[in-house]
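Participant: Sending over final_27.txt (compact mmCIF, C-alpha atoms).
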# COMPACT_ATOMS: atom_id res chain seq x y z
CA MET L 29 3.39 -7.73 13.62
CA PRO L 30 1.68 -10.78 12.08
CA LEU L 31 -0.04 -10.76 8.72
CA PRO L 32 -2.76 -13.03 7.35
CA SER L 33 -0.93 -16.05 5.93
CA ALA L 34 -1.17 -16.13 2.13
CA PRO L 35 1.35 -17.38 -0.41
CA SER L 36 0.92 -14.28 -2.56
CA ILE L 37 1.86 -11.75 0.12
CA GLU L 38 5.45 -10.93 0.98
CA LEU L 39 6.27 -8.88 4.07
CA ALA L 40 9.31 -6.67 3.76
CA ALA L 41 10.87 -6.26 7.16
CA GLY L 42 14.46 -6.35 6.03
CA GLY L 43 16.63 -8.35 3.67
CA ALA L 44 19.95 -8.21 1.91
CA GLY L 45 18.77 -6.29 -1.14
CA THR L 46 20.86 -5.31 -4.13
CA ALA L 47 23.65 -2.79 -4.29
CA GLY L 48 21.38 -0.44 -6.25
CA ASP L 49 18.66 -0.66 -3.62
CA GLN L 50 21.17 -0.04 -0.83
CA SER L 51 22.61 3.02 -2.53
CA ALA L 52 19.15 4.41 -3.23
CA ALA L 53 18.12 3.92 0.38
CA ALA L 54 21.37 5.37 1.66
CA ALA L 55 20.65 8.57 -0.25
CA LEU L 56 17.63 9.17 1.96
CA PRO L 57 17.97 11.19 5.17
CA VAL L 58 18.06 9.27 8.43
CA LEU L 59 14.54 9.75 9.78
CA ALA L 60 13.81 10.67 13.36
CA GLN L 61 11.55 8.29 15.25
CA SER L 62 8.24 10.09 15.72
CA SER L 63 7.22 8.59 19.06
CA SER L 64 8.01 5.69 21.31
CA GLY L 65 4.38 5.34 22.47
CA PRO L 66 1.82 2.74 21.37
CA LEU L 67 1.14 2.61 17.65
CA GLU L 68 -1.69 5.04 16.82
CA LEU L 69 -1.78 5.41 13.05
CA ALA L 70 -1.03 3.25 10.01
CA VAL L 71 -0.53 5.17 6.77
CA VAL L 72 -1.53 2.79 3.96
CA VAL L 73 -0.12 3.50 0.51
CA PRO L 74 -1.03 1.34 -2.52
CA THR L 75 1.68 1.31 -5.18
CA PHE L 76 2.43 0.14 -8.68
CA ASN L 77 5.64 1.49 -10.23
CA GLU L 78 6.06 4.26 -7.65
CA ARG L 79 9.73 3.68 -6.72
CA ALA L 80 10.72 7.22 -7.71
CA ASN L 81 8.18 8.74 -5.29
CA LEU L 82 9.07 6.82 -2.11
CA ALA L 83 11.85 9.06 -0.80
CA GLY L 84 9.77 12.22 -1.03
CA LEU L 85 6.73 10.53 0.46
CA ILE L 86 8.54 9.20 3.54
CA GLY L 87 10.21 12.53 4.16
CA ARG L 88 6.91 14.41 4.00
CA LEU L 89 5.22 11.90 6.30
CA ASP L 90 8.05 12.21 8.80
CA ARG L 91 7.55 15.97 8.95
CA ALA L 92 3.75 15.89 8.95
CA LEU L 93 3.48 13.29 11.73
CA ALA L 94 6.21 14.45 14.09
CA GLY L 95 5.41 13.27 17.61
CA VAL L 96 2.91 10.64 16.40
CA ALA L 97 3.42 6.88 16.76
CA TRP L 98 2.86 5.87 13.14
CA GLU L 99 3.87 3.24 10.62
CA LEU L 100 3.91 3.20 6.84
CA VAL L 101 2.34 0.15 5.16
CA VAL L 102 3.09 0.14 1.43
CA VAL L 103 1.05 -2.44 -0.47
CA ASP L 104 2.82 -3.04 -3.76
CA ASP L 105 1.19 -4.93 -6.63
CA ASP L 106 4.43 -6.59 -7.75
CA SER L 107 5.84 -3.49 -9.46
CA PRO L 108 8.46 -4.28 -12.10
CA ASP L 109 10.32 -1.03 -11.34
CA GLY L 110 11.78 -2.32 -8.06
CA THR L 111 9.41 -0.56 -5.66
CA ALA L 112 9.35 -3.51 -3.25
CA GLU L 113 13.12 -4.03 -3.41
CA LEU L 114 13.76 -0.43 -2.39
CA LEU L 115 11.24 -0.76 0.42
CA HIS L 116 13.19 -3.75 1.76
CA GLU L 117 16.15 -1.45 2.25
CA LEU L 118 14.05 1.36 3.71
CA ALA L 119 12.57 -1.12 6.21
CA ARG L 120 16.07 -1.98 7.42
CA ARG L 121 16.74 1.68 8.17
CA ASP L 122 13.38 2.55 9.70
CA PRO L 123 11.19 -0.05 11.47
CA ARG L 124 8.12 2.07 10.78
CA VAL L 125 8.30 1.14 7.10
CA ARG L 126 6.69 -2.12 5.94
CA CYS L 127 5.88 -3.53 2.52
CA LEU L 128 3.20 -6.03 1.55
CA ARG L 129 4.03 -7.33 -1.90
CA ARG L 130 1.03 -8.83 -3.68
CA VAL L 131 1.79 -11.30 -6.46
CA GLY L 132 -0.84 -12.39 -8.96
CA ARG L 133 -3.52 -9.82 -8.24
CA ARG L 134 -4.10 -6.08 -8.45
CA GLY L 135 -6.61 -3.47 -7.42
CA LEU L 136 -6.35 -0.29 -5.38
CA SER L 137 -9.21 -1.02 -2.99
CA GLY L 138 -8.05 -4.55 -2.31
CA ALA L 139 -4.53 -3.28 -1.66
CA CYS L 140 -5.74 -0.69 0.85
CA ILE L 141 -7.96 -3.20 2.66
CA GLU L 142 -5.14 -5.73 2.99
CA GLY L 143 -2.78 -3.03 4.22
CA MET L 144 -5.20 -1.92 6.92
CA LEU L 145 -5.95 -5.46 8.02
CA SER L 146 -2.22 -6.14 8.39
CA SER L 147 -1.79 -3.39 10.97
CA GLY L 148 -2.66 -3.26 14.65
CA ALA L 149 -3.18 0.52 14.61
CA PRO L 150 -6.57 1.87 15.74
CA LEU L 151 -6.53 4.49 12.98
CA PHE L 152 -5.76 4.15 9.25
CA ALA L 153 -4.94 6.81 6.67
CA VAL L 154 -5.02 6.16 2.93
CA VAL L 155 -2.59 8.25 0.89
CA ASP L 156 -1.33 8.05 -2.69
CA ALA L 157 2.40 7.64 -3.25
CA ASP L 158 2.59 10.16 -6.09
CA GLY L 159 2.57 13.33 -3.96
CA GLN L 160 -0.83 14.57 -5.14
CA HIS L 161 -2.27 14.40 -1.63
CA ASP L 162 -1.15 16.98 0.93
CA GLU L 163 0.35 14.90 3.73
CA ALA L 164 0.39 17.96 6.00
CA LEU L 165 -3.39 17.52 6.33
CA LEU L 166 -2.90 14.20 8.14
CA ALA L 167 -2.19 16.05 11.41
CA ALA L 168 -5.55 17.88 11.18
CA MET L 169 -7.36 14.63 10.35
CA LEU L 170 -5.77 12.93 13.33
CA GLN L 171 -6.62 15.82 15.65
CA ALA L 172 -10.26 15.79 14.50
CA LEU L 173 -10.61 12.07 15.26
CA ARG L 174 -8.84 12.46 18.59
CA ALA L 175 -11.09 15.35 19.60
CA ASP L 176 -14.41 13.67 18.76
CA PRO L 177 -14.69 9.92 19.49
CA ALA L 178 -18.02 9.86 17.63
CA LEU L 179 -16.36 10.71 14.32
CA ASP L 180 -15.67 7.74 12.05
CA VAL L 181 -13.89 9.23 9.03
CA ALA L 182 -11.93 12.38 8.21
CA ILE L 183 -11.95 13.10 4.47
CA GLY L 184 -9.56 15.25 2.49
CA THR L 185 -11.84 17.06 0.03
CA ARG L 186 -11.01 18.93 -3.14
CA TYR L 187 -14.48 20.43 -3.45
CA ALA L 188 -15.07 22.33 -0.20
CA GLU L 189 -14.08 25.96 0.27
CA GLY L 190 -10.29 26.10 0.43
CA GLY L 191 -9.85 22.94 -1.65
CA GLY L 192 -9.00 22.62 -5.32
CA VAL L 193 -7.95 20.33 -8.14
CA GLY L 194 -4.77 22.14 -9.10
CA ASP L 195 -3.85 22.27 -12.77
CA TRP L 196 -6.44 19.83 -14.07
CA GLN L 197 -7.60 20.44 -17.61
CA GLN L 198 -11.25 21.36 -18.11
CA GLN L 199 -12.10 17.95 -19.56
CA ARG L 200 -10.81 16.16 -16.48
CA GLN L 201 -12.59 18.65 -14.20
CA ARG L 202 -15.90 18.03 -15.99
CA LEU L 203 -15.43 14.27 -15.83
CA SER L 204 -14.65 14.40 -12.12
CA HIS L 205 -17.64 16.66 -11.48
CA TRP L 206 -19.94 14.29 -13.37
CA ALA L 207 -18.59 11.25 -11.53
CA THR L 208 -19.00 12.98 -8.17
CA ARG L 209 -22.59 14.00 -8.92
CA ALA L 210 -23.40 10.50 -10.17
CA ALA L 211 -21.95 8.93 -7.03
CA GLN L 212 -23.90 11.30 -4.79
CA SER L 213 -27.17 10.82 -6.65
CA LEU L 214 -27.05 7.06 -7.09
CA THR L 215 -25.74 6.15 -3.64
CA GLY L 216 -27.19 8.95 -1.47
CA VAL L 217 -23.76 9.72 0.02
CA ALA L 218 -23.92 13.31 1.26
CA VAL L 219 -20.25 14.36 1.20
CA SER L 220 -18.66 16.83 -1.18
CA ASP L 221 -15.90 14.50 -2.40
CA PRO L 222 -17.03 10.84 -2.18
CA MET L 223 -14.40 9.97 -4.81
CA SER L 224 -11.53 11.16 -2.62
CA GLY L 225 -8.63 8.76 -2.21
CA PHE L 226 -7.28 10.68 0.79
CA PHE L 227 -8.91 9.96 4.15
CA MET L 228 -8.44 8.63 7.68
CA LEU L 229 -10.79 6.25 9.49
CA ARG L 230 -11.18 4.22 12.64
CA ARG L 231 -10.65 0.47 12.71
CA ALA L 232 -14.27 -0.03 13.84
CA ALA L 233 -15.55 1.76 10.72
CA LEU L 234 -13.50 -0.54 8.49
CA HIS L 235 -14.58 -3.72 10.27
CA GLY L 236 -18.25 -2.72 10.17
CA ALA L 237 -18.20 -2.39 6.37
CA LEU L 238 -15.55 -5.01 5.61
CA ARG L 239 -17.67 -7.85 4.27
CA GLY L 240 -19.61 -5.56 1.96
CA LEU L 241 -16.56 -4.03 0.30
CA SER L 242 -15.44 -4.65 -3.26
CA THR L 243 -11.74 -5.50 -3.56
CA ALA L 244 -11.68 -4.97 -7.32
CA GLY L 245 -12.65 -1.27 -7.39
CA PHE L 246 -10.58 1.84 -6.88
CA LYS L 247 -12.87 4.21 -4.97
CA LEU L 248 -12.62 2.73 -1.50
CA LEU L 249 -14.09 5.71 0.35
CA LEU L 250 -17.35 5.60 -1.63
CA ASP L 251 -17.49 1.85 -1.05
CA LEU L 252 -16.93 2.27 2.69
CA LEU L 253 -19.63 4.91 3.03
CA THR L 254 -22.21 2.82 1.20
CA ALA L 255 -21.27 -0.61 2.61
CA SER L 256 -21.36 0.45 6.26
CA PRO L 257 -24.38 -1.00 8.10
CA ARG L 258 -24.82 2.35 9.85
CA PRO L 259 -24.32 5.93 8.59
CA LEU L 260 -20.73 6.93 9.21
CA ARG L 261 -20.04 10.27 10.83
CA VAL L 262 -17.56 12.22 8.74
CA ILE L 263 -15.68 15.49 8.77
CA GLU L 264 -14.35 17.03 5.57
CA LEU L 265 -11.11 19.00 5.49
CA PRO L 266 -10.14 20.92 2.32
CA TYR L 267 -6.83 20.52 0.54
CA GLN L 268 -5.27 21.47 -2.77
CA PHE L 269 -4.69 18.53 -5.12
CA ARG L 270 -1.09 18.67 -6.34
CA PRO L 271 0.59 17.56 -9.59
CA ARG L 272 2.11 14.07 -9.63
CA GLN L 273 5.73 14.13 -8.46
CA ALA L 274 7.08 11.37 -10.73
CA GLY L 275 5.88 8.44 -12.84
CA GLU L 276 2.73 8.04 -14.89
CA SER L 277 -0.93 8.46 -13.98
CA LYS L 278 -2.97 5.28 -13.49
CA LEU L 279 -6.18 6.88 -14.80
CA ASP L 280 -7.37 4.99 -17.88
CA LEU L 281 -10.38 3.19 -19.38
CA ARG L 282 -10.10 0.39 -16.82
CA VAL L 283 -10.36 2.80 -13.89
CA SER L 284 -13.46 4.42 -15.39
CA TRP L 285 -14.99 0.97 -15.92
CA ASP L 286 -14.20 0.04 -12.30
CA PHE L 287 -16.06 3.16 -11.15
CA LEU L 288 -19.12 2.35 -13.25
CA MET L 289 -19.13 -1.23 -11.98
CA LEU L 290 -18.87 0.00 -8.39
CA LEU L 291 -21.99 2.14 -8.89
CA VAL L 292 -23.76 -0.79 -10.54
CA ASP L 293 -22.75 -3.04 -7.65
CA LYS L 294 -24.19 -0.59 -5.12
CA LEU L 295 -27.46 -0.44 -7.03
CA LEU L 296 -27.87 -4.09 -8.08
CA GLY L 297 -25.29 -6.02 -6.09
CA ARG L 298 -27.85 -7.52 -3.72
CA TRP L 299 -29.38 -9.36 -6.70
CA LEU L 300 -26.57 -9.78 -9.24
CA PRO L 301 -22.77 -9.99 -8.95
CA ALA L 302 -21.02 -6.94 -10.42
CA ARG L 303 -18.76 -9.23 -12.45
CA LEU L 304 -21.78 -10.84 -14.11
CA ILE L 305 -23.11 -7.40 -15.04
CA SER L 306 -19.72 -6.43 -16.45
CA PHE L 307 -19.54 -9.74 -18.35
CA ALA L 308 -23.01 -9.13 -19.82
CA ALA L 309 -22.11 -5.56 -20.79
CA VAL L 310 -19.03 -6.80 -22.62
CA GLY L 311 -21.20 -9.42 -24.31
CA SER L 312 -23.54 -6.68 -25.53
CA LEU L 313 -20.59 -4.94 -27.15
CA GLY L 314 -19.70 -8.29 -28.68
CA VAL L 315 -23.07 -8.35 -30.45
CA LEU L 316 -22.18 -5.07 -32.16
CA VAL L 317 -18.77 -6.44 -33.13
CA HIS L 318 -20.43 -9.57 -34.52
CA LEU L 319 -22.88 -7.61 -36.66
CA ALA L 320 -20.16 -5.26 -37.92
CA VAL L 321 -17.89 -8.13 -38.98
CA LEU L 322 -20.79 -10.03 -40.55
CA ARG L 323 -21.92 -7.05 -42.61
CA THR L 324 -18.38 -6.10 -43.62
CA GLY L 325 -17.55 -9.65 -44.65
CA MET L 326 -20.60 -9.93 -46.88
CA LEU L 327 -20.52 -6.45 -48.45
CA LEU L 328 -16.80 -5.74 -48.76
CA GLY L 329 -15.34 -9.23 -48.64
CA GLY L 330 -17.92 -10.86 -50.84
CA LEU L 331 -18.18 -13.79 -48.43
CA PRO L 332 -21.22 -16.06 -48.35
CA PHE L 333 -23.41 -15.66 -45.28
CA VAL L 334 -22.28 -18.85 -43.54
CA THR L 335 -18.58 -18.01 -43.93
CA ALA L 336 -19.09 -14.40 -42.81
CA GLN L 337 -21.17 -15.61 -39.86
CA ALA L 338 -18.44 -18.02 -38.74
CA LEU L 339 -15.83 -15.26 -39.02
CA ALA L 340 -18.04 -12.87 -37.06
CA VAL L 341 -18.51 -15.42 -34.28
CA ALA L 342 -14.75 -15.97 -33.97
CA VAL L 343 -13.93 -12.23 -33.96
CA ALA L 344 -16.71 -11.44 -31.46
CA MET L 345 -15.52 -14.21 -29.11
CA ALA L 346 -11.92 -12.95 -29.33
CA SER L 347 -12.97 -9.35 -28.64
CA ASN L 348 -15.16 -10.43 -25.72
CA PHE L 349 -12.24 -12.35 -24.25
CA GLU L 350 -9.88 -9.37 -24.55
CA LEU L 351 -12.37 -6.92 -23.02
CA ASN L 352 -13.21 -9.27 -20.16
CA ASN L 353 -9.53 -9.88 -19.54
CA LEU L 354 -8.93 -6.12 -19.53
CA LEU L 355 -12.03 -5.00 -17.59
CA THR L 356 -14.16 -7.68 -15.94
CA TYR L 357 -11.19 -9.68 -14.65
CA ARG L 358 -8.71 -6.84 -14.42
CA ASP L 359 -7.44 -8.07 -11.05
CA GLN L 360 -6.87 -11.59 -12.49
CA ARG L 361 -5.63 -10.50 -15.89
CA LEU L 362 -4.00 -13.23 -17.97
CA ARG L 363 -0.66 -12.52 -19.67
CA GLY L 364 1.74 -14.35 -21.92
CA TRP L 365 0.99 -17.98 -22.67
CA ARG L 366 -1.79 -18.02 -20.09
CA ARG L 367 -3.54 -15.38 -22.16
CA LEU L 368 -3.40 -17.57 -25.29
CA SER L 369 -4.60 -20.67 -23.49
CA GLY L 370 -7.28 -18.56 -21.81
CA LEU L 371 -8.55 -17.41 -25.20
CA LEU L 372 -8.85 -21.00 -26.42
CA LYS L 373 -10.68 -22.07 -23.24
CA PHE L 374 -12.95 -19.01 -23.51
CA MET L 375 -13.94 -19.82 -27.08
CA LEU L 376 -14.57 -23.46 -26.21
CA ALA L 377 -16.76 -22.56 -23.20
CA CYS L 378 -18.68 -19.93 -25.16
CA SER L 379 -19.29 -22.42 -27.98
CA VAL L 380 -21.12 -24.62 -25.47
CA GLY L 381 -23.00 -21.52 -24.28
CA ALA L 382 -24.02 -20.71 -27.83
CA ALA L 383 -25.38 -24.24 -28.27
CA ALA L 384 -27.33 -23.89 -25.01
CA ASN L 385 -28.67 -20.52 -26.18
CA VAL L 386 -29.97 -21.93 -29.44
CA GLY L 387 -31.29 -25.11 -27.84
CA VAL L 388 -33.28 -23.39 -25.10
CA ALA L 389 -34.61 -20.71 -27.44
CA GLY L 390 -35.67 -23.30 -30.01
CA TRP L 391 -37.37 -25.48 -27.41
CA LEU L 392 -39.35 -22.57 -25.97
CA GLU L 393 -40.33 -21.20 -29.39
CA HIS L 394 -41.47 -24.64 -30.53
CA GLY L 395 -43.64 -24.85 -27.41
CA GLY L 396 -45.39 -21.59 -28.24
CA GLY L 397 -43.31 -19.23 -26.15
CA GLY L 398 -43.09 -16.57 -28.86
CA TRP L 399 -39.94 -15.43 -30.62
CA LEU L 400 -39.09 -12.53 -28.26
CA VAL L 401 -39.46 -14.42 -24.99
CA SER L 402 -37.74 -17.49 -26.44
CA GLY L 403 -34.86 -15.43 -27.80
CA LEU L 404 -34.31 -13.55 -24.54
CA ALA L 405 -34.44 -16.78 -22.56
CA GLY L 406 -31.78 -18.26 -24.81
CA VAL L 407 -29.58 -15.19 -24.35
CA LEU L 408 -30.01 -15.39 -20.56
CA VAL L 409 -29.10 -19.09 -20.42
CA GLY L 410 -26.10 -18.58 -22.69
CA THR L 411 -24.83 -15.58 -20.72
CA VAL L 412 -25.12 -17.30 -17.34
CA TRP L 413 -23.41 -20.42 -18.70
CA ASN L 414 -20.61 -18.44 -20.32
CA TYR L 415 -20.04 -16.40 -17.17
CA GLY L 416 -19.95 -19.37 -14.83
CA ALA L 417 -17.89 -21.58 -17.12
CA THR L 418 -15.27 -18.97 -18.02
CA ALA L 419 -14.96 -17.79 -14.42
CA HIS L 420 -14.17 -21.39 -13.44
CA ILE L 421 -11.89 -22.53 -16.25
CA VAL L 422 -10.40 -19.29 -17.66
CA TRP L 423 -9.96 -16.82 -14.80
CA SER L 424 -9.96 -19.17 -11.82
CA ARG L 425 -7.25 -18.42 -9.29
CA PRO L 426 -4.60 -21.13 -8.87
CA ARG L 427 -5.15 -23.17 -5.72
Represent the supplied structure as structure tokens.
Facilitator:
Amino acid sequence: MPLPSAPSIELAAGGAGTAGDQSAAAALPVLAQSSSGPLELAVVVPTFNERANLAGLIGRLDRALAGVAWELVVVDDDSPDGTAELLHELARRDPRVRCLRRVGRRGLSGACIEGMLSSGAPLFAVVDADGQHDEALLAAMLQALRADPALDVAIGTRYAEGGGVGDWQQQRQRLSHWATRAAQSLTGVAVSDPMSGFFMLRRAALHGALRGLSTAGFKLLLDLLTASPRPLRVIELPYQFRPRQAGESKLDLRVSWDFLMLLVDKLLGRWLPARLISFAAVGSLGVLVHLAVLRTGMLLGGLPFVTAQALAVAVAMASNFELNNLLTYRDQRLRGWRRLSGLLKFMLACSVGAAANVGVAGWLEHGGGGWLVSGLAGVLVGTVWNYGATAHIVWSRPR
């Protein structure tokens, strides 16, 4: 089954593997082939360090989809724990198992999109590898889409009657409730669980929304529902969210930032790129860092203003670089020596932006533009320059 040609994608359809991989794969049960008919369903699973969950996942899928012609497409973001290597061995034992290994980029939504586009199946299901989604519900999703050709998406919901969030702590429940309400209010999506990562959809629904999707986010369902040129018909099926089987949760500050940027993109994306908005937001935090360092240097360090100002500029630039590397360009994050060289390039580019800021503001103020308008114009010019320059010379993808 052909895949889009790209140097950073590796298709696992066999291979020699290591002795450890072979022994791990051999410990799995020999799976029965579900069906010899035409491929009907591709189960797409994004992974990063999920090696320990693969055996249980494949076994549960085999039971849940008995009699169905299905394949498993695992899209692995170059996990250092050997996820892809184990999948090579699993693919040798079961031709339904495939692995797309992405090198040099990350992102849950992008992984799911690439996995779906790599398959010829007419239906796609998105499932997490960690066991928190109830794979038994896949049969009901499939039956619903079979029974009603007008349906586009079947959603596993935690928030309808019969569903639940398991053993979540109250803080996480409140955060999820707030995020769900915010998504519903700001996007107009009228489903109970627009943040669900467990759903099944038709190929036509994906292709209709494809060019409006964000590959850097992590809430693909919400993105699909809002990017579709027509309202998608959905059915919601309740399930109980389960505890993670093994490994560590991926929920962190970066995921929360991705969600906020997705909402911003849906509200303002037709006018401004979401990355530019994220870059500007980080820059606003940098202003606070600058002022804090300046004040601290003068009051506690006894530094003269010019020295404290220079120190504040350097610290603010460094903090802006780190936050942009962590959040704005999460999917292109620089590491090792590339991170150090990226910092130097960032500071150089932003120095030019600072000069442009001051120059434009001074020119406008001298011409009678007023201090507020002139100052804001300088900030705008500097921000746009910094964004464009750093995107090109700091976080540009290798050609």
Participant: Could the residues of region 120-232 of chain L that have an atom at most 7 Å from region 79-92 of chain L be listed as a Markdown table, each with its closest atom pair and the distance in Å to one decimal, counting all atoms listed in the file and ordered by chain and ascending residue number?
Facilitator:
| residue | atom | partner | partner_atom | distance |
| --- | --- | --- | --- | --- |
| L:Ala157 | CA | L:Asn81 | CA | 6.2 |
| L:Asp158 | CA | L:Asn81 | CA | 5.8 |
| L:Gly159 | CA | L:Leu85 | CA | 6.7 |
| L:Glu163 | CA | L:Leu89 | CA | 6.3 |
| L:Ala164 | CA | L:Ala92 | CA | 4.9 |
| L:Leu166 | CA | L:Ala92 | CA | 6.9 |
| L:Ala167 | CA | L:Ala92 | CA | 6.4 |
Participant: In Å, with one decimal, what is the gap from CA of Arg258 (chain L) to CA of Met223 (chain L)?
Facilitator: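 According to the coordinates, CA of Arg258 (chain L) and CA of Met223 (chain L) are separated by 19.5 Å.
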Participant: In file coordinates, which residues lie within 12 Å of (3.8, 11.9, 17.5) using all atoms listed in the file, given as a PDB file with C-alpha atoms, in the coordinates of the input?
Facilitator:
ATOM      1  CA  ALA L  60      13.810  10.670  13.360  1.00  0.00           C
ATOM      2  CA  GLN L  61      11.550   8.290  15.250  1.00  0.00           C
ATOM      3  CA  SER L  62       8.240  10.090  15.720  1.00  0.00           C
ATOM      4  CA  SER L  63       7.220   8.590  19.060  1.00  0.00           C
ATOM      5  CA  SER L  64       8.010   5.690  21.310  1.00  0.00           C
ATOM      6  CA  GLY L  65       4.380   5.340  22.470  1.00  0.00           C
ATOM      7  CA  PRO L  66       1.820   2.740  21.370  1.00  0.00           C
ATOM      8  CA  LEU L  67       1.140   2.610  17.650  1.00  0.00           C
ATOM      9  CA  GLU L  68      -1.690   5.040  16.820  1.00  0.00           C
ATOM     10  CA  LEU L  69      -1.780   5.410  13.050  1.00  0.00           C
ATOM     11  CA  LEU L  89       5.220  11.900   6.300  1.00  0.00           C
ATOM     12  CA  ASP L  90       8.050  12.210   8.800  1.00  0.00           C
ATOM     13  CA  ARG L  91       7.550  15.970   8.950  1.00  0.00           C
ATOM     14  CA  ALA L  92       3.750  15.890   8.950  1.00  0.00           C
ATOM     15  CA  LEU L  93       3.480  13.290  11.730  1.00  0.00           C
ATOM     16  CA  ALA L  94       6.210  14.450  14.090  1.00  0.00           C
ATOM     17  CA  GLY L  95       5.410  13.270  17.610  1.00  0.00           C
ATOM     18  CA  VAL L  96       2.910  10.640  16.400  1.00  0.00           C
ATOM     19  CA  ALA L  97       3.420   6.880  16.760  1.00  0.00           C
ATOM     20  CA  TRP L  98       2.860   5.870  13.140  1.00  0.00           C
ATOM     21  CA  GLU L  99       3.870   3.240  10.620  1.00  0.00           C
ATOM     22  CA  LEU L 166      -2.900  14.200   8.140  1.00  0.00           C
ATOM     23  CA  ALA L 167      -2.190  16.050  11.410  1.00  0.00           C
ATOM     24  CA  LEU L 170      -5.770  12.930  13.330  1.00  0.00           C
ATOM     25  CA  GLN L 171      -6.620  15.820  15.650  1.00  0.00           C
TER      26      GLN L 171
END
Participant: Thr324 (chain L): which residues within 12 Å, counting only C-alpha atoms, same-chain residues fewer than 3 positions away excluded, as number ranges by chain?
Facilitator: L: 317-321, 327-333, 335-337, 339-340
Participant: For the selection just defined, write its residues with C-alpha atoms to a file, as a PDB file, in the coordinates of the input.
Facilitator:
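Here's the written file selection-v3.pdb:
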ATOM      1  CA  VAL L 317     -18.770  -6.440 -33.130  1.00  0.00           C
ATOM      2  CA  HIS L 318     -20.430  -9.570 -34.520  1.00  0.00           C
ATOM      3  CA  LEU L 319     -22.880  -7.610 -36.660  1.00  0.00           C
ATOM      4  CA  ALA L 320     -20.160  -5.260 -37.920  1.00  0.00           C
ATOM      5  CA  VAL L 321     -17.890  -8.130 -38.980  1.00  0.00           C
ATOM      6  CA  LEU L 327     -20.520  -6.450 -48.450  1.00  0.00           C
ATOM      7  CA  LEU L 328     -16.800  -5.740 -48.760  1.00  0.00           C
ATOM      8  CA  GLY L 329     -15.340  -9.230 -48.640  1.00  0.00           C
ATOM      9  CA  GLY L 330     -17.920 -10.860 -50.840  1.00  0.00           C
ATOM     10  CA  LEU L 331     -18.180 -13.790 -48.430  1.00  0.00           C
ATOM     11  CA  PRO L 332     -21.220 -16.060 -48.350  1.00  0.00           C
ATOM     12  CA  PHE L 333     -23.410 -15.660 -45.280  1.00  0.00           C
ATOM     13  CA  THR L 335     -18.580 -18.010 -43.930  1.00  0.00           C
ATOM     14  CA  ALA L 336     -19.090 -14.400 -42.810  1.00  0.00           C
ATOM     15  CA  GLN L 337     -21.170 -15.610 -39.860  1.00  0.00           C
ATOM     16  CA  LEU L 339     -15.830 -15.260 -39.020  1.00  0.00           C
ATOM     17  CA  ALA L 340     -18.040 -12.870 -37.060  1.00  0.00           C
TER      18      ALA L 340
END
Participant: What are the closest atom pairs, with distances in Å to one decimal, for each residue of region 319-362 of chain L lying within 10 Å of region 135-155 of chain L, using only C-alpha atoms, rows by chain and rising residue number, as a Markdown table?
Facilitator:
| residue | atom | partner | partner_atom | distance |
| --- | --- | --- | --- | --- |
| L:Arg358 | CA | L:Gly135 | CA | 8.0 |
| L:Asp359 | CA | L:Gly135 | CA | 5.9 |
| L:Gln360 | CA | L:Gly135 | CA | 9.6 |
Participant: Pick out the closest residue to Gly184 (chain L) from this set: L:Leu355, L:Leu115, L:Ala344, L:Ile263. Count all atoms listed in the file.
Facilitator: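 Of all the options, L:Ile263 lies closest to Gly184 (chain L).
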Participant: May I ask for the distance between CA of Gly381 (chain L) and CA of Leu313 (chain L), given in Å to one decimal place?
Facilitator: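 Computed distance, CA of Gly381 (chain L) to CA of Leu313 (chain L), equals 17.0 Å.
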Participant: Rounded to one decimal, what separation in Å do you get between CA of Phe374 (chain L) and CA of Val401 (chain L)?
Facilitator: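 Between CA of Phe374 (chain L) and CA of Val401 (chain L) the gap works out to 26.9 Å.
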Participant: Rank nothing, just name the residue among L:Glu78, L:Glu264, L:Asp109, L:Asp104 nearest to Ala218 (chain L), using only C-alpha atoms.
Facilitator: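 Among the listed residues, the smallest separation from Ala218 (chain L) belongs to L:Glu264.
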Participant: Pick the closest to Thr111 (chain L) from L:Val131, L:Arg230, L:Tyr357, L:Thr75: which is it, counting only C-alpha atoms?
Facilitator: L:Thr75
Participant: L:Arg261, L:Arg202, L:Ser224, L:Leu362: which is nearest Ala172 (chain L), counting all atoms listed in the file?
Facilitator: L:Arg261
Participant: Which residues are close to Gly406 (chain L), i.e. within 10 Å by all atoms listed in the file, leaving aside same-chain residues fewer than 4 positions away? Reply as number ranges by chain.
Facilitator: L: 381-392, 400-402, 410-411
Participant: Which neighbours of Leu368 (chain L) fall inside 12 Å, counting only C-alpha atoms, when residues of the same chain fewer than 4 positions from it are skipped, and could you give them as a list in words?
Facilitator: Ala346, Phe349, Glu350, Asn353, Arg361, Leu362, Arg363, Gly364, Leu372, Lys373, Phe374, Met375 and Val422 of chain L
Participant: Out of L:Val262, L:Leu100, L:Val310, L:Ala302, which residue has the shortest atom-to-atom distance to Ala70 (chain L) when counting all atoms listed in the file?
Facilitator: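 Selected residue with least distance to Ala70 (chain L): L:Leu100.
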Participant: Restricting the calculation to all atoms listed in the file: of L:Leu248, L:Val181, L:Leu376, L:Leu351, which residue gets closest to Pro74 (chain L)?
Facilitator: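 Nearest candidate to Pro74 (chain L) out of L:Leu248, L:Val181, L:Leu376, L:Leu351: L:Leu248.
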Participant: Emit as lines of an AutoDock Vina configuration file the padded axis-aligned box for all listed atoms of region 355-361 of chain L, 8 Å per side, with centre and edge lengths in Å to one decimal.
Facilitator:
center_x = -9.9
center_y = -8.3
center_z = -14.3
size_x = 24.5
size_y = 22.6
size_z = 22.5
Participant: Which residues are close to region 412-417 of chain L, i.e. within 7 Å by all atoms listed in the file, leaving aside same-chain residues fewer than 6 positions away? Reply as a PyMOL selection string.
Facilitator: chain L and resi 304+307+377-378+381
